[in-house]
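*Asks:* So here's model35.cif (mmCIF, C-alpha atoms and all ligand atoms).
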```cif
data_coords
loop_
_atom_site.group_PDB
_atom_site.id
_atom_site.type_symbol
_atom_site.label_atom_id
_atom_site.label_comp_id
_atom_site.auth_asym_id
_atom_site.auth_seq_id
_atom_site.Cartn_x
_atom_site.Cartn_y
_atom_site.Cartn_z
ATOM 1 C CA MET A 1 -12.573 7.725 -9.156
ATOM 2 C CA ILE A 2 -11.434 6.504 -5.758
ATOM 3 C CA ILE A 3 -8.244 8.424 -5.135
ATOM 4 C CA GLY A 4 -6.248 9.666 -2.185
ATOM 5 C CA CYS A 5 -2.861 9.705 -0.614
ATOM 6 C CA HIS A 6 -0.709 8.890 2.345
ATOM 7 C CA VAL A 7 -1.611 11.129 5.301
ATOM 8 C CA GLN A 8 -0.201 11.689 8.795
ATOM 9 C CA MET A 9 -1.636 10.403 12.066
ATOM 10 C CA LYS A 10 -0.416 12.523 14.935
ATOM 11 C CA ALA A 11 -1.365 14.204 18.205
ATOM 12 C CA PRO A 12 -3.702 15.749 19.148
ATOM 13 C CA ASP A 13 -6.301 14.727 16.555
ATOM 14 C CA PHE A 14 -4.881 11.361 15.452
ATOM 15 C CA LEU A 15 -7.270 9.569 13.058
ATOM 16 C CA LYS A 16 -9.681 12.493 12.977
ATOM 17 C CA GLY A 17 -6.744 14.625 11.857
ATOM 18 C CA SER A 18 -5.902 12.038 9.194
ATOM 19 C CA VAL A 19 -9.425 12.244 7.774
ATOM 20 C CA LYS A 20 -9.308 16.057 7.849
ATOM 21 C CA GLU A 21 -5.958 16.093 6.082
ATOM 22 C CA ALA A 22 -7.251 13.709 3.407
ATOM 23 C CA LEU A 23 -10.392 15.794 2.845
ATOM 24 C CA SER A 24 -8.289 18.948 2.510
ATOM 25 C CA TYR A 25 -6.563 17.443 -0.538
ATOM 26 C CA GLY A 26 -9.812 16.305 -2.170
ATOM 27 C CA CYS A 27 -9.205 12.641 -1.294
ATOM 28 C CA ASN A 28 -12.005 10.105 -1.052
ATOM 29 C CA ALA A 29 -9.577 7.465 0.249
ATOM 30 C CA PHE A 30 -6.345 7.673 2.251
ATOM 31 C CA MET A 31 -3.625 5.635 3.907
ATOM 32 C CA LEU A 32 -1.724 5.995 7.165
ATOM 33 C CA TYR A 33 0.645 4.262 9.541
ATOM 34 C CA THR A 34 -0.547 3.581 13.092
ATOM 35 C CA GLY A 35 2.784 4.946 14.359
ATOM 36 C CA ALA A 36 6.353 5.472 13.142
ATOM 37 C CA PRO A 37 6.987 2.845 10.433
ATOM 38 C CA GLN A 38 10.471 2.113 11.747
ATOM 39 C CA ASN A 39 9.640 1.420 15.409
ATOM 40 C CA THR A 40 7.184 -0.483 17.599
ATOM 41 C CA LYS A 41 5.941 2.376 19.789
ATOM 42 C CA ARG A 42 2.166 2.515 19.421
ATOM 43 C CA ARG A 43 -0.564 4.451 21.216
ATOM 44 C CA ASP A 44 -3.495 2.673 22.724
ATOM 45 C CA THR A 45 -6.244 2.687 20.086
ATOM 46 C CA ARG A 46 -8.579 4.297 22.644
ATOM 47 C CA GLU A 47 -6.512 7.489 22.255
ATOM 48 C CA LEU A 48 -6.803 7.587 18.457
ATOM 49 C CA LYS A 49 -10.197 9.379 18.108
ATOM 50 C CA ILE A 50 -11.662 6.478 16.193
ATOM 51 C CA GLN A 51 -15.294 7.536 16.702
ATOM 52 C CA GLU A 52 -14.654 11.117 15.611
ATOM 53 C CA ALA A 53 -12.792 9.899 12.533
ATOM 54 C CA ALA A 54 -15.581 7.483 11.632
ATOM 55 C CA ALA A 55 -18.201 10.223 12.084
ATOM 56 C CA LEU A 56 -16.260 12.599 9.842
ATOM 57 C CA MET A 57 -15.894 9.895 7.207
ATOM 58 C CA GLN A 58 -19.593 9.092 7.358
ATOM 59 C CA ALA A 59 -20.487 12.782 7.067
ATOM 60 C CA ASN A 60 -18.435 12.826 3.868
ATOM 61 C CA ASP A 61 -19.905 9.584 2.485
ATOM 62 C CA LEU A 62 -16.652 7.680 2.875
ATOM 63 C CA PRO A 63 -17.078 3.993 3.756
ATOM 64 C CA MET A 64 -14.589 2.753 6.360
ATOM 65 C CA ASP A 65 -12.647 0.697 3.803
ATOM 66 C CA ARG A 66 -11.432 3.991 2.306
ATOM 67 C CA MET A 67 -9.160 4.266 5.343
ATOM 68 C CA ILE A 68 -6.198 2.041 4.535
ATOM 69 C CA ILE A 69 -3.489 1.132 7.034
ATOM 70 C CA HIS A 70 0.133 0.451 6.053
ATOM 71 C CA ALA A 71 2.009 -1.971 8.306
ATOM 72 C CA PRO A 72 5.476 -0.806 9.458
ATOM 73 C CA TYR A 73 8.634 -1.865 7.597
ATOM 74 C CA ILE A 74 10.029 -3.525 10.701
ATOM 75 C CA ILE A 75 7.693 -6.442 10.022
ATOM 76 C CA ASN A 76 9.777 -8.726 7.793
ATOM 77 C CA PRO A 77 7.919 -12.001 7.213
ATOM 78 C CA ALA A 78 10.627 -13.295 4.843
ATOM 79 C CA ASN A 79 13.466 -13.274 7.375
ATOM 80 C CA SER A 80 14.466 -16.734 8.601
ATOM 81 C CA THR A 81 17.900 -15.962 10.016
ATOM 82 C CA LYS A 82 17.302 -13.769 13.047
ATOM 83 C CA GLU A 83 15.199 -15.039 15.924
ATOM 84 C CA SER A 84 14.214 -11.566 17.164
ATOM 85 C CA VAL A 85 13.127 -10.417 13.684
ATOM 86 C CA MET A 86 11.129 -13.611 13.193
ATOM 87 C CA GLU A 87 9.409 -13.270 16.548
ATOM 88 C CA LEU A 88 8.563 -9.605 15.901
ATOM 89 C CA ALA A 89 7.196 -10.322 12.414
ATOM 90 C CA VAL A 90 4.500 -12.504 13.922
ATOM 91 C CA SER A 91 3.802 -10.719 17.219
ATOM 92 C CA PHE A 92 3.796 -7.175 15.864
ATOM 93 C CA LEU A 93 1.787 -8.130 12.778
ATOM 94 C CA GLN A 94 -0.792 -9.779 15.023
ATOM 95 C CA GLN A 95 -1.005 -6.592 17.121
ATOM 96 C CA GLU A 96 -1.255 -4.462 13.991
ATOM 97 C CA ILE A 97 -4.116 -6.613 12.697
ATOM 98 C CA GLN A 98 -5.857 -6.106 16.029
ATOM 99 C CA ARG A 99 -5.382 -2.324 15.730
ATOM 100 C CA VAL A 100 -6.878 -2.313 12.220
ATOM 101 C CA HIS A 101 -9.816 -4.304 13.584
ATOM 102 C CA GLU A 102 -10.324 -1.874 16.488
ATOM 103 C CA ILE A 103 -9.990 1.176 14.236
ATOM 104 C CA GLY A 104 -12.624 -0.287 11.926
ATOM 105 C CA ALA A 105 -10.493 -0.070 8.785
ATOM 106 C CA LYS A 106 -10.270 -3.053 6.455
ATOM 107 C CA TYR A 107 -7.103 -3.212 4.373
ATOM 108 C CA LEU A 108 -3.666 -3.618 5.946
ATOM 109 C CA VAL A 109 -0.898 -3.161 3.365
ATOM 110 C CA LEU A 110 2.102 -5.350 4.127
ATOM 111 C CA HIS A 111 5.499 -5.749 2.443
ATOM 112 C CA PRO A 112 6.214 -9.454 1.965
ATOM 113 C CA GLY A 113 9.740 -8.826 3.223
ATOM 114 C CA SER A 114 13.401 -9.418 2.465
ATOM 115 C CA TYR A 115 15.239 -12.722 2.723
ATOM 116 C CA THR A 116 18.541 -10.979 3.664
ATOM 117 C CA ILE A 117 21.177 -13.755 3.420
ATOM 118 C CA THR A 118 19.183 -16.764 2.221
ATOM 119 C CA ASP A 119 17.454 -16.888 -1.183
ATOM 120 C CA THR A 120 14.137 -16.073 -2.834
ATOM 121 C CA GLU A 121 12.552 -19.503 -2.372
ATOM 122 C CA THR A 122 13.549 -19.613 1.315
ATOM 123 C CA GLY A 123 12.133 -16.095 1.725
ATOM 124 C CA ILE A 124 8.845 -17.095 0.120
ATOM 125 C CA HIS A 125 8.513 -20.246 2.224
ATOM 126 C CA THR A 126 9.385 -18.303 5.368
ATOM 127 C CA ALA A 127 6.786 -15.641 4.586
ATOM 128 C CA ILE A 128 4.161 -18.357 4.085
ATOM 129 C CA SER A 129 4.895 -20.051 7.400
ATOM 130 C CA GLN A 130 5.136 -16.734 9.263
ATOM 131 C CA LEU A 131 1.848 -15.420 7.863
ATOM 132 C CA ASN A 132 0.212 -18.718 8.690
ATOM 133 C CA LYS A 133 0.982 -18.026 12.373
ATOM 134 C CA VAL A 134 -1.251 -14.933 12.531
ATOM 135 C CA GLU A 135 -5.011 -14.923 12.817
ATOM 136 C CA VAL A 136 -6.856 -12.451 10.582
ATOM 137 C CA PRO A 137 -10.433 -11.656 11.617
ATOM 138 C CA ASP A 138 -13.266 -11.573 9.043
ATOM 139 C CA ASP A 139 -13.340 -7.774 8.861
ATOM 140 C CA VAL A 140 -9.628 -7.318 8.064
ATOM 141 C CA MET A 141 -7.744 -8.130 4.875
ATOM 142 C CA ILE A 142 -3.977 -8.131 4.490
ATOM 143 C CA THR A 143 -2.869 -6.877 1.076
ATOM 144 C CA LEU A 144 0.647 -7.968 0.140
ATOM 145 C CA GLU A 145 2.419 -5.209 -1.762
ATOM 146 C CA THR A 146 4.162 -5.723 -5.086
ATOM 147 C CA MET A 147 7.797 -4.792 -4.476
ATOM 148 C CA ALA A 148 10.588 -3.328 -6.624
ATOM 149 C CA GLY A 149 13.017 -6.178 -5.963
ATOM 150 C CA LYS A 150 15.447 -3.884 -4.177
ATOM 151 C CA GLY A 151 18.169 -5.781 -2.306
ATOM 152 C CA SER A 152 16.725 -9.116 -1.207
ATOM 153 C CA GLU A 153 13.052 -8.171 -1.369
ATOM 154 C CA ILE A 154 10.590 -10.867 -2.356
ATOM 155 C CA GLY A 155 7.217 -10.228 -3.991
ATOM 156 C CA TRP A 156 8.462 -8.283 -7.028
ATOM 157 C CA GLN A 157 7.197 -10.870 -9.495
ATOM 158 C CA PHE A 158 3.489 -11.689 -9.577
ATOM 159 C CA GLU A 159 4.451 -15.394 -9.504
ATOM 160 C CA GLN A 160 6.114 -14.916 -6.092
ATOM 161 C CA LEU A 161 2.992 -13.304 -4.629
ATOM 162 C CA ALA A 162 0.851 -16.034 -6.198
ATOM 163 C CA GLU A 163 2.985 -18.695 -4.529
ATOM 164 C CA ILE A 164 2.590 -17.017 -1.143
ATOM 165 C CA LEU A 165 -1.157 -16.422 -1.558
ATOM 166 C CA SER A 166 -1.905 -19.972 -2.687
ATOM 167 C CA ASN A 167 -0.196 -21.452 0.383
ATOM 168 C CA LEU A 168 -1.920 -19.389 3.069
ATOM 169 C CA LYS A 169 -4.424 -20.997 5.426
ATOM 170 C CA GLN A 170 -6.730 -17.966 5.398
ATOM 171 C CA LYS A 171 -6.654 -17.355 1.629
ATOM 172 C CA ASP A 172 -9.797 -15.229 1.694
ATOM 173 C CA ARG A 173 -8.208 -12.813 4.213
ATOM 174 C CA TYR A 174 -5.431 -11.823 1.783
ATOM 175 C CA GLY A 175 -5.230 -9.665 -1.324
ATOM 176 C CA VAL A 176 -2.646 -7.611 -3.196
ATOM 177 C CA CYS A 177 -1.644 -3.942 -3.234
ATOM 178 C CA LEU A 178 -0.102 -3.008 -6.579
ATOM 179 C CA ASP A 179 2.437 -0.149 -6.511
ATOM 180 C CA THR A 180 3.093 1.404 -9.937
ATOM 181 C CA CYS A 181 6.585 2.650 -8.990
ATOM 182 C CA HIS A 182 7.518 -0.739 -7.594
ATOM 183 C CA ILE A 183 6.292 -2.789 -10.561
ATOM 184 C CA ASN A 184 7.971 -0.379 -12.983
ATOM 185 C CA ASP A 185 11.218 -0.825 -11.079
ATOM 186 C CA ALA A 186 10.596 -4.579 -10.982
ATOM 187 C CA GLY A 187 10.477 -4.619 -14.793
ATOM 188 C CA TYR A 188 6.766 -4.465 -15.725
ATOM 189 C CA ASP A 189 5.837 -2.134 -18.584
ATOM 190 C CA VAL A 190 3.198 0.086 -16.970
ATOM 191 C CA THR A 191 2.737 2.040 -20.204
ATOM 192 C CA LYS A 192 0.809 -1.054 -21.359
ATOM 193 C CA PHE A 193 -1.241 -1.249 -18.193
ATOM 194 C CA ASP A 194 -3.991 -3.438 -19.636
ATOM 195 C CA ASP A 195 -1.334 -6.037 -20.447
ATOM 196 C CA VAL A 196 -0.061 -5.761 -16.857
ATOM 197 C CA LEU A 197 -3.612 -6.293 -15.572
ATOM 198 C CA ASP A 198 -4.024 -9.290 -17.918
ATOM 199 C CA GLU A 199 -0.826 -10.802 -16.548
ATOM 200 C CA PHE A 200 -1.897 -10.050 -12.980
ATOM 201 C CA ASP A 201 -5.226 -11.723 -13.702
ATOM 202 C CA HIS A 202 -3.553 -14.759 -15.245
ATOM 203 C CA VAL A 203 -0.985 -15.236 -12.459
ATOM 204 C CA ILE A 204 -2.818 -14.027 -9.322
ATOM 205 C CA GLY A 205 -6.419 -13.220 -10.281
ATOM 206 C CA LEU A 206 -7.684 -9.668 -10.703
ATOM 207 C CA ASN A 207 -10.239 -10.263 -7.927
ATOM 208 C CA LYS A 208 -7.255 -10.280 -5.517
ATOM 209 C CA LEU A 209 -6.296 -6.708 -6.398
ATOM 210 C CA LYS A 210 -7.575 -4.501 -3.539
ATOM 211 C CA VAL A 211 -5.363 -1.390 -3.348
ATOM 212 C CA ILE A 212 -3.253 0.546 -5.858
ATOM 213 C CA HIS A 213 -0.315 2.776 -4.959
ATOM 214 C CA LEU A 214 -0.094 5.348 -7.726
ATOM 215 C CA ASN A 215 3.439 6.723 -7.853
ATOM 216 C CA ASP A 216 5.861 7.884 -10.499
ATOM 217 C CA SER A 217 9.382 6.456 -10.350
ATOM 218 C CA LEU A 218 12.750 8.216 -10.298
ATOM 219 C CA ASN A 219 14.366 5.234 -12.000
ATOM 220 C CA PRO A 220 13.929 3.341 -15.273
ATOM 221 C CA ARG A 221 11.940 0.132 -15.724
ATOM 222 C CA GLY A 222 13.755 -2.871 -14.242
ATOM 223 C CA SER A 223 16.115 -0.805 -12.074
ATOM 224 C CA HIS A 224 15.049 -2.512 -8.783
ATOM 225 C CA LYS A 225 15.446 0.782 -6.896
ATOM 226 C CA ASP A 226 12.118 1.852 -5.301
ATOM 227 C CA ARG A 227 12.409 5.623 -5.256
ATOM 228 C CA HIS A 228 9.088 7.384 -5.731
ATOM 229 C CA ALA A 229 8.733 10.493 -7.888
ATOM 230 C CA ASN A 230 5.964 13.064 -8.046
ATOM 231 C CA ILE A 231 3.209 12.436 -10.585
ATOM 232 C CA GLY A 232 4.534 13.404 -14.010
ATOM 233 C CA LYS A 233 8.068 14.010 -12.753
ATOM 234 C CA GLY A 234 9.445 10.527 -13.172
ATOM 235 C CA THR A 235 10.148 7.862 -15.759
ATOM 236 C CA ILE A 236 6.525 6.642 -15.869
ATOM 237 C CA GLY A 237 5.133 10.050 -16.731
ATOM 238 C CA PHE A 238 1.820 11.833 -16.373
ATOM 239 C CA ASP A 239 -0.014 10.316 -19.338
ATOM 240 C CA THR A 240 0.573 6.734 -18.209
ATOM 241 C CA LEU A 241 -0.395 7.476 -14.583
ATOM 242 C CA TYR A 242 -3.470 9.395 -15.775
ATOM 243 C CA ALA A 243 -4.493 6.425 -17.925
ATOM 244 C CA ILE A 244 -4.038 4.043 -14.963
ATOM 245 C CA ALA A 245 -6.089 6.344 -12.709
ATOM 246 C CA HIS A 246 -8.896 6.302 -15.294
ATOM 247 C CA ASN A 247 -8.681 2.598 -16.242
ATOM 248 C CA LYS A 248 -12.241 1.224 -16.010
ATOM 249 C CA ARG A 249 -11.112 -2.247 -14.951
ATOM 250 C CA ILE A 250 -9.840 -0.869 -11.648
ATOM 251 C CA ASP A 251 -12.283 1.986 -11.040
ATOM 252 C CA HIS A 252 -13.609 0.267 -7.877
ATOM 253 C CA ILE A 253 -10.114 0.130 -6.351
ATOM 254 C CA ALA A 254 -8.615 2.939 -4.233
ATOM 255 C CA LYS A 255 -5.563 4.609 -5.756
ATOM 256 C CA ILE A 256 -3.232 6.007 -3.119
ATOM 257 C CA LEU A 257 -0.421 8.474 -3.902
ATOM 258 C CA GLU A 258 2.820 8.030 -1.949
ATOM 259 C CA THR A 259 4.711 10.747 -3.768
ATOM 260 C CA PRO A 260 7.357 12.822 -1.983
ATOM 261 C CA TYR A 261 6.780 16.234 -0.414
ATOM 262 C CA VAL A 262 7.970 19.145 -2.537
ATOM 263 C CA ASP A 263 9.920 21.867 -0.690
ATOM 264 C CA GLY A 264 8.582 20.485 2.591
ATOM 265 C CA LYS A 265 4.948 20.646 1.419
ATOM 266 C CA PRO A 266 2.525 17.867 0.505
ATOM 267 C CA PRO A 267 1.891 17.853 -3.285
ATOM 268 C CA TYR A 268 -1.312 15.830 -3.063
ATOM 269 C CA LYS A 269 -3.995 18.451 -3.658
ATOM 270 C CA GLU A 270 -2.418 19.480 -6.969
ATOM 271 C CA GLU A 271 -1.552 15.925 -8.014
ATOM 272 C CA ILE A 272 -5.064 14.649 -7.306
ATOM 273 C CA ALA A 273 -6.588 17.646 -9.129
ATOM 274 C CA ALA A 274 -4.422 16.885 -12.164
ATOM 275 C CA LEU A 275 -5.270 13.176 -12.146
ATOM 276 C CA THR A 276 -9.013 13.731 -11.761
ATOM 277 C CA SER A 277 -9.177 16.597 -14.243
ATOM 278 C CA ASN A 278 -10.800 15.941 -17.618
ATOM 279 C CA LYS A 279 -8.527 18.445 -19.210
ATOM 280 C CA GLN A 280 -5.397 16.537 -18.216
ATOM 281 C CA LEU A 281 -3.949 19.526 -16.428
ATOM 282 C CA ARG A 282 -0.266 18.919 -16.690
ATOM 283 C CA ILE A 283 2.096 19.137 -13.762
ATOM 284 C CA GLN A 284 5.313 20.057 -15.491
ATOM 285 C CA ALA A 285 8.614 21.139 -14.080
ATOM 286 C CA GLN A 286 8.700 24.933 -14.146
HETATM 287 FE FE FE B 301 4.591 0.099 0.886
HETATM 288 FE FE FE B 302 3.709 1.548 -1.989
HETATM 289 ZN ZN ZN B 303 8.084 2.297 -2.395
#
```
What do you get writing this file as structure tokens?
*Replies:*
Amino acid sequence: MIIGCHVQMKAPDFLKGSVKEALSYGCNAFMLYTGAPQNTKRRDTRELKIQEAAALMQANDLPMDRMIIHAPYIINPANSTKESVMELAVSFLQQEIQRVHEIGAKYLVLHPGSYTITDTETGIHTAISQLNKVEVPDDVMITLETMAGKGSEIGWQFEQLAEILSNLKQKDRYGVCLDTCHINDAGYDVTKFDDVLDEFDHVIGLNKLKVIHLNDSLNPRGSHKDRHANIGKGTIGFDTLYAIAHNKRIDHIAKILETPYVDGKPPYKEEIAALTSNKQLRIQAQ
């Protein structure tokens, strides 16, 4: 099973520290932001200990595509109403793509964005034209994330992502990141995950699925909320998430936990142990 979680990337060890943190939880894949997700301050990639991180990954038999990068939320490709937001969506995304390239990672997870005061179709068409302004090199792939449909988010129905993907110039440089909390909140029945995969395959194509975010949800199916819960502590539940983690059709795809810290501590070691255990060790509320 390819499984891991969101990890930090901070001074003094930067990416090397990210790899170490991931290994300490028993991860064989992990995801990080190249800086604070809500601002544009970024270190020069030469400071990020890329070589040390790559060496540590190699020593642990982790191919570089197990390091996944999440683009910051400030990139909103669906916004067509504010000049500064539109300019940033293209310029900062292009810089982020360059960082992923320099780091040597492959997948860049990106939220398709929010249309704010227009409408879904305008948001989708804006995202298409904005994404068509960036250049993605051969060694990088942008994975558009399935969203919960909170506020004016686009990309919460597979059809919306399919429309974006089919209108991109560099179709082969794009894939999809499926978030179990988000699709639950969007209205998909994740308890019947094979049906969800069938629908994904029919609408988008299963070959486009590149990353999975494995999260429980605090809210019921169709709530359009996007609040992550710890594995087994939400409305999706342990058994369903365990079944998804072990689903053979997606065993080649990295599953990344983005569950919240518990009492200020990362829950990932225990959650990963429970999900990889044959005995279905239960994480239950004490
Ligand atoms: Fe995300
Ligand atoms: Fe996610
Ligand atoms: Zn989320």
*Asks:* Using all atoms listed in the file, which residues have at least one atom no more than 7 Å from ligand ZN 303 (chain B)? Output them as a list in words.
*Replies:* Cys181, His182, Asp226, Arg227 and His228 of chain A
*Asks:* Taking a cut-off of 7 Å and counting only C-alpha atoms and all ligand atoms, can you build a table that, for each residue of chain A near ligand FE 302 (chain B), reports the nearest atom pair and how far apart they are in Å (one decimal), sorted by chain then residue number, as a Markdown table?
*Replies:*
```
| residue | atom | partner | partner_atom | distance |
| --- | --- | --- | --- | --- |
| A:Glu145 | CA | B:FE302 | FE | 6.9 |
| A:Asp179 | CA | B:FE302 | FE | 5.0 |
| A:His213 | CA | B:FE302 | FE | 5.1 |
| A:Glu258 | CA | B:FE302 | FE | 6.5 |
```
*Asks:* At most 9 Å from (11.5, -7.5, 3.2), file frame, only C-alpha atoms: which residues, as an MDAnalysis selection string?
*Replies:* chainID A and resid 73:79 111:116 123 147 151:155
*Asks:* Which neighbours of Arg221 of chain A fall inside 10 Å, counting all atoms listed in the file, when residues of the same chain fewer than 6 positions from it are skipped, and could you give them as a list in words?
*Replies:*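 Listed by chain and then number, they are Ala148, Cys181, His182, Ile183, Asn184, Asp185, Ala186, Gly187, Tyr188, Asp189, Val190, Thr235 and Ile236 of chain A.
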*Asks:* Work out how far apart atom CA of Leu32 of chain A and atom CA of Phe158 of chain A are and give it in Å to one decimal.
*Replies:* 24.9 Å
*Asks:* Can you pull out every residue within 9 Å of Asp139 of chain A, counting all atoms listed in the file, but drop anything in the same chain fewer than 6 positions away, and send it as an MDAnalysis selection string?
*Replies:* chainID A and resid 101 104:107 173
